[in-house]
file data_29.cif (mmCIF, C-alpha atoms)
data_target
loop_
_atom_site.label_atom_id
_atom_site.label_comp_id
_atom_site.auth_asym_id
_atom_site.auth_seq_id
_atom_site.Cartn_x
_atom_site.Cartn_y
_atom_site.Cartn_z
CA LYS A 1 16.91 -17.25 -3.55
CA GLU A 2 18.40 -16.36 -0.16
CA GLY A 3 15.04 -15.35 1.32
CA LYS A 4 16.15 -11.79 2.00
CA LEU A 5 13.04 -10.39 0.30
CA LEU A 6 9.70 -11.03 1.94
CA GLU A 7 8.07 -10.50 -1.42
CA PHE A 8 8.94 -9.21 -4.87
CA GLN A 9 7.32 -8.96 -8.23
CA GLU A 10 7.51 -7.39 -11.63
CA VAL A 11 4.95 -4.59 -11.31
CA HIS A 12 5.74 -3.06 -14.71
CA PRO A 13 7.60 -4.85 -17.52
CA GLY A 14 11.26 -4.91 -16.52
CA ARG A 15 10.59 -3.03 -13.23
CA PHE A 16 10.79 -5.16 -10.12
CA TYR A 17 9.72 -4.07 -6.66
CA GLY A 18 10.17 -5.88 -3.38
CA VAL A 19 10.16 -5.66 0.39
CA PRO A 20 13.34 -6.65 2.23
CA ARG A 21 12.64 -8.95 5.18
CA ALA A 22 15.31 -7.78 7.67
CA PRO A 23 14.14 -4.16 8.11
CA LEU A 24 10.58 -5.35 8.79
CA GLU A 25 11.65 -7.89 11.36
CA GLU A 26 13.94 -5.37 13.05
CA ALA A 27 11.26 -2.67 13.17
CA PHE A 28 8.69 -5.09 14.60
CA ARG A 29 11.14 -6.26 17.29
CA GLU A 30 11.78 -2.64 18.23
CA GLY A 31 8.08 -1.70 18.17
CA ARG A 32 8.52 0.84 15.36
CA ASP A 33 5.88 1.66 12.77
CA LEU A 34 6.52 1.21 9.06
CA ILE A 35 4.44 2.46 6.19
CA ALA A 36 4.74 0.74 2.83
CA ASP A 37 3.19 1.94 -0.42
CA ILE A 38 3.02 -1.38 -2.20
CA GLU A 39 1.05 -3.36 -4.74
CA ILE A 40 -1.78 -5.53 -3.39
CA ALA A 41 -0.03 -8.87 -3.90
CA GLY A 42 2.83 -7.61 -1.74
CA ALA A 43 0.41 -6.39 0.90
CA GLU A 44 -1.18 -9.83 1.06
CA LYS A 45 2.21 -11.49 1.53
CA ILE A 46 3.19 -9.09 4.31
CA LEU A 47 -0.16 -9.64 6.04
CA GLU A 48 0.33 -13.41 5.76
CA ALA A 49 3.86 -13.24 7.20
CA PHE A 50 3.12 -10.67 9.95
CA PRO A 51 -0.62 -10.72 10.71
CA ASP A 52 -0.20 -9.22 14.18
CA ASN A 53 1.89 -6.32 12.90
CA THR A 54 0.05 -5.40 9.71
CA VAL A 55 -2.85 -3.05 9.07
CA LEU A 56 -4.02 -2.75 5.50
CA ILE A 57 -4.98 0.80 4.57
CA PHE A 58 -6.38 1.39 1.10
CA ILE A 59 -6.07 4.93 -0.24
CA ALA A 60 -8.17 5.54 -3.33
CA ALA A 61 -8.67 8.36 -5.77
CA PRO A 62 -12.24 9.68 -5.79
CA SER A 63 -12.82 8.02 -9.18
CA LEU A 64 -10.96 6.16 -11.89
CA GLU A 65 -11.24 9.24 -14.10
CA ILE A 66 -9.53 11.38 -11.46
CA LEU A 67 -6.86 8.71 -10.94
CA GLU A 68 -6.11 8.74 -14.66
CA GLN A 69 -6.00 12.55 -14.77
CA ARG A 70 -3.66 12.70 -11.77
CA MET A 71 -1.29 10.30 -13.49
CA ARG A 72 -1.28 12.39 -16.64
CA ASP A 73 -0.80 15.59 -14.63
CA ARG A 74 2.35 14.19 -13.03
CA GLY A 75 3.77 13.16 -16.40
CA GLU A 76 3.17 9.41 -16.43
CA THR A 77 3.74 7.79 -19.83
CA GLU A 78 0.77 6.55 -21.84
CA GLN A 79 1.93 2.97 -21.27
CA GLY A 80 2.22 3.66 -17.54
CA VAL A 81 -1.33 5.03 -17.49
CA ARG A 82 -2.66 2.01 -19.40
CA ASP A 83 -0.84 -0.44 -17.11
CA ARG A 84 -2.07 1.27 -13.95
CA MET A 85 -5.65 1.55 -15.14
CA ALA A 86 -5.61 -2.15 -16.09
CA ARG A 87 -4.76 -2.99 -12.46
CA ALA A 88 -7.28 -0.56 -10.98
CA GLU A 89 -10.33 -2.86 -11.10
CA ARG A 90 -8.48 -5.67 -9.28
CA GLU A 91 -7.16 -3.17 -6.74
CA MET A 92 -10.62 -1.77 -6.06
CA ALA A 93 -11.92 -5.29 -5.45
CA PHE A 94 -9.05 -5.84 -3.00
CA ALA A 95 -10.03 -2.69 -1.11
CA MET A 96 -12.86 -4.65 0.51
CA ASN A 97 -10.18 -6.65 2.40
CA CYS A 98 -8.76 -3.52 4.01
CA PRO A 99 -10.10 -2.45 7.40
CA VAL A 100 -9.22 1.18 6.58
CA TYR A 101 -10.41 2.82 3.36
CA ILE A 102 -9.52 6.44 2.65
CA VAL A 103 -10.67 8.46 -0.36
CA ASN A 104 -7.99 10.97 -1.28
CA HIS A 105 -10.22 13.76 -2.52
CA ASN A 106 -8.67 16.40 -0.27
CA LEU A 107 -5.03 15.88 0.73
CA ASP A 108 -5.39 17.47 4.18
CA LYS A 109 -8.48 15.41 5.02
CA ALA A 110 -6.94 12.19 3.69
CA SER A 111 -3.75 12.87 5.68
CA GLU A 112 -5.80 13.38 8.85
CA GLU A 113 -7.70 10.12 8.25
CA LEU A 114 -4.42 8.29 7.75
CA GLU A 115 -2.98 9.75 10.94
CA GLN A 116 -6.08 8.70 12.89
CA ALA A 117 -5.89 5.17 11.45
CA ILE A 118 -2.26 4.90 12.59
CA ILE A 119 -3.11 6.17 16.07
CA LYS A 120 -5.99 3.68 16.33
CA ALA A 121 -3.71 0.80 15.23
CA ARG A 122 -1.11 1.78 17.83
CA GLU A 123 -3.76 1.94 20.57
CA SER A 124 -5.13 -1.44 19.51
CA ARG A 125 -1.65 -3.02 19.79
CA LYS A 126 -1.19 -1.57 23.27
CA VAL A 127 -4.51 -3.01 24.46
CA GLU A 128 -3.67 -6.44 23.05
CA ALA A 129 -0.11 -6.45 24.45
#
call {"tool": "encode", "arguments": {"input": "data_29.cif", "output": "structure tokens"}}
result
Amino acid sequence: KEGKLLEFQEVHPGRFYGVPRAPLEEAFREGRDLIADIEIAGAEKILEAFPDNTVLIFIAAPSLEILEQRMRDRGETEQGVRDRMARAEREMAFAMNCPVYIVNHNLDKASEELEQAIIKARESRKVEA
């Protein structure tokens, strides 16, 4: 109600997630980078509010089967797996909107790709400034 959250939503029944506005605005004023692991609706709202400061990076599992197995391996509940898999198709469609797409098949390789994407975004901001 006070506008202190840039966005928020109920991602899982009874579990709300959101992005506070003030830390984003402060970081952007100071030229600091932020990385947010958020749901696609939240990413769209941040991009809408801060288009010059936002780079969408989509990190995907190699397949939906591997995504499901990874969730089970880390102890996710059956309901959590079902909920996440139900969102997966919509998320994969959203991936086409992201200028950076990384397949997390190998953690070291995916980490390197992410680092390079961040460096490229920083360099792009410097050129535009």
call {"tool": "resolve_selection", "arguments": {"input": "data_29.cif", "expression": "the PyMOL selection byres ((chain A and resi 4) around 12)", "output": "number ranges by chain"}}
result
A: 1-3, 5-8, 18-25
call {"tool": "residues_around", "arguments": {"input": "data_29.cif", "residues": "region 106-108 of chain A", "least_positions_apart": "6", "cutoff": "12 Å", "atoms": "all atoms listed in the file", "output": "PyMOL selection string"}}
result
chain A and resi 59-62+114-115
call {"tool": "closest_residue", "arguments": {"input": "data_29.cif", "among": "A:Ser124, A:Ile102, A:Arg82, A:Asn97", "to": "Leu47 (chain A)", "atoms": "only C-alpha atoms"}}
result
A:Asn97
call {"tool": "resolve_selection", "arguments": {"input": "data_29.cif", "expression": "the PyMOL selection byres ((chain A and resi 117) around 10)", "output": "PDB file with C-alpha atoms, in the frame of the given file"}}
result
ATOM      1  CA  VAL A  55      -2.850  -3.050   9.070  1.00  0.00           C
ATOM      2  CA  ILE A  57      -4.980   0.800   4.570  1.00  0.00           C
ATOM      3  CA  PRO A  99     -10.100  -2.450   7.400  1.00  0.00           C
ATOM      4  CA  VAL A 100      -9.220   1.180   6.580  1.00  0.00           C
ATOM      5  CA  TYR A 101     -10.410   2.820   3.360  1.00  0.00           C
ATOM      6  CA  ILE A 102      -9.520   6.440   2.650  1.00  0.00           C
ATOM      7  CA  SER A 111      -3.750  12.870   5.680  1.00  0.00           C
ATOM      8  CA  GLU A 112      -5.800  13.380   8.850  1.00  0.00           C
ATOM      9  CA  GLU A 113      -7.700  10.120   8.250  1.00  0.00           C
ATOM     10  CA  LEU A 114      -4.420   8.290   7.750  1.00  0.00           C
ATOM     11  CA  GLU A 115      -2.980   9.750  10.940  1.00  0.00           C
ATOM     12  CA  GLN A 116      -6.080   8.700  12.890  1.00  0.00           C
ATOM     13  CA  ILE A 118      -2.260   4.900  12.590  1.00  0.00           C
ATOM     14  CA  ILE A 119      -3.110   6.170  16.070  1.00  0.00           C
ATOM     15  CA  LYS A 120      -5.990   3.680  16.330  1.00  0.00           C
ATOM     16  CA  ALA A 121      -3.710   0.800  15.230  1.00  0.00           C
ATOM     17  CA  ARG A 122      -1.110   1.780  17.830  1.00  0.00           C
ATOM     18  CA  GLU A 123      -3.760   1.940  20.570  1.00  0.00           C
TER      19      GLU A 123
END
call {"tool": "atom_distance", "arguments": {"input": "data_29.cif", "atom1": "CA of His12 (chain A)", "atom2": "CA of Leu34 (chain A)"}}
result
24.2 Å
call {"tool": "atom_distance", "arguments": {"input": "data_29.cif", "atom1": "CA of Met85 (chain A)", "atom2": "CA of Lys109 (chain A)"}}
result
24.6 Å
call {"tool": "closest_residue", "arguments": {"input": "data_29.cif", "among": "A:Pro13, A:Leu67, A:Ala43, A:Asn53", "to": "Ala88 (chain A)", "atoms": "all atoms listed in the file"}}
result
A:Leu67
call {"tool": "closest_residue", "arguments": {"input": "data_29.cif", "among": "A:Val103, A:Phe50, A:Ile38, A:Cys98", "to": "Leu64 (chain A)", "atoms": "all atoms listed in the file"}}
result
A:Val103
call {"tool": "resolve_selection", "arguments": {"input": "data_29.cif", "expression": "the PyMOL selection byres ((chain A and resi 39) around 10)", "output": "list of chain:residue names"}}
result
A:Phe8, A:Gln9, A:Val11, A:Tyr17, A:Gly18, A:Ala36, A:Asp37, A:Ile38, A:Ile40, A:Ala41, A:Gly42, A:Ala43, A:Glu44, A:Arg87, A:Glu91
call {"tool": "atom_distance", "arguments": {"input": "data_29.cif", "atom1": "CA of Asn104 (chain A)", "atom2": "CA of Arg90 (chain A)"}}
result
18.5 Å
call {"tool": "closest_residue", "arguments": {"input": "data_29.cif", "among": "A:Phe94, A:Phe28, A:Val81, A:Gln69", "to": "Asp52 (chain A)", "atoms": "only C-alpha atoms"}}
result
A:Phe28
call {"tool": "decode", "arguments": {"input": "data_29.cif", "residues": "region 49-61 of chain A", "atoms": "N, CA, C and O atoms", "output": "PDB file, in the first residue's frame"}}
result
ATOM      1  N   ALA A  49      10.043  -0.738 -14.831  1.00  0.00           N
ATOM      2  CA  ALA A  49      10.364   0.391 -13.953  1.00  0.00           C
ATOM      3  C   ALA A  49      11.768   0.939 -14.190  1.00  0.00           C
ATOM      4  O   ALA A  49      11.991   2.147 -14.052  1.00  0.00           O
ATOM      5  N   PHE A  50      12.717   0.072 -14.555  1.00  0.00           N
ATOM      6  CA  PHE A  50      14.118   0.479 -14.706  1.00  0.00           C
ATOM      7  C   PHE A  50      14.716  -0.086 -15.999  1.00  0.00           C
ATOM      8  O   PHE A  50      15.675  -0.853 -15.968  1.00  0.00           O
ATOM      9  N   PRO A  51      14.185   0.301 -17.147  1.00  0.00           N
ATOM     10  CA  PRO A  51      14.650  -0.306 -18.404  1.00  0.00           C
ATOM     11  C   PRO A  51      16.127  -0.057 -18.702  1.00  0.00           C
ATOM     12  O   PRO A  51      16.769  -0.892 -19.338  1.00  0.00           O
ATOM     13  N   ASP A  52      16.670   1.058 -18.258  1.00  0.00           N
ATOM     14  CA  ASP A  52      18.070   1.359 -18.536  1.00  0.00           C
ATOM     15  C   ASP A  52      19.034   0.657 -17.582  1.00  0.00           C
ATOM     16  O   ASP A  52      20.241   0.691 -17.801  1.00  0.00           O
ATOM     17  N   ASN A  53      18.508   0.061 -16.543  1.00  0.00           N
ATOM     18  CA  ASN A  53      19.352  -0.573 -15.527  1.00  0.00           C
ATOM     19  C   ASN A  53      19.097  -2.075 -15.408  1.00  0.00           C
ATOM     20  O   ASN A  53      19.579  -2.693 -14.468  1.00  0.00           O
ATOM     21  N   THR A  54      18.352  -2.639 -16.328  1.00  0.00           N
ATOM     22  CA  THR A  54      17.951  -4.032 -16.190  1.00  0.00           C
ATOM     23  C   THR A  54      18.386  -4.852 -17.393  1.00  0.00           C
ATOM     24  O   THR A  54      18.174  -4.446 -18.532  1.00  0.00           O
ATOM     25  N   VAL A  55      18.995  -5.984 -17.111  1.00  0.00           N
ATOM     26  CA  VAL A  55      19.340  -6.968 -18.142  1.00  0.00           C
ATOM     27  C   VAL A  55      18.707  -8.281 -17.716  1.00  0.00           C
ATOM     28  O   VAL A  55      18.983  -8.777 -16.617  1.00  0.00           O
ATOM     29  N   LEU A  56      17.856  -8.814 -18.553  1.00  0.00           N
ATOM     30  CA  LEU A  56      17.215 -10.081 -18.235  1.00  0.00           C
ATOM     31  C   LEU A  56      18.118 -11.231 -18.677  1.00  0.00           C
ATOM     32  O   LEU A  56      18.506 -11.309 -19.843  1.00  0.00           O
ATOM     33  N   ILE A  57      18.434 -12.092 -17.739  1.00  0.00           N
ATOM     34  CA  ILE A  57      19.267 -13.263 -18.003  1.00  0.00           C
ATOM     35  C   ILE A  57      18.454 -14.482 -17.597  1.00  0.00           C
ATOM     36  O   ILE A  57      18.050 -14.603 -16.442  1.00  0.00           O
ATOM     37  N   PHE A  58      18.206 -15.360 -18.547  1.00  0.00           N
ATOM     38  CA  PHE A  58      17.431 -16.567 -18.264  1.00  0.00           C
ATOM     39  C   PHE A  58      18.390 -17.731 -18.121  1.00  0.00           C
ATOM     40  O   PHE A  58      19.183 -18.002 -19.013  1.00  0.00           O
ATOM     41  N   ILE A  59      18.339 -18.401 -16.984  1.00  0.00           N
ATOM     42  CA  ILE A  59      19.185 -19.570 -16.737  1.00  0.00           C
ATOM     43  C   ILE A  59      18.264 -20.785 -16.684  1.00  0.00           C
ATOM     44  O   ILE A  59      17.367 -20.848 -15.842  1.00  0.00           O
ATOM     45  N   ALA A  60      18.498 -21.714 -17.607  1.00  0.00           N
ATOM     46  CA  ALA A  60      17.622 -22.869 -17.751  1.00  0.00           C
ATOM     47  C   ALA A  60      18.348 -24.169 -17.463  1.00  0.00           C
ATOM     48  O   ALA A  60      19.548 -24.289 -17.713  1.00  0.00           O
ATOM     49  N   ALA A  61      17.609 -25.130 -16.971  1.00  0.00           N
ATOM     50  CA  ALA A  61      18.123 -26.494 -16.875  1.00  0.00           C
ATOM     51  C   ALA A  61      18.202 -27.048 -18.303  1.00  0.00           C
ATOM     52  O   ALA A  61      17.490 -26.577 -19.197  1.00  0.00           O
TER      53      ALA A  61
END
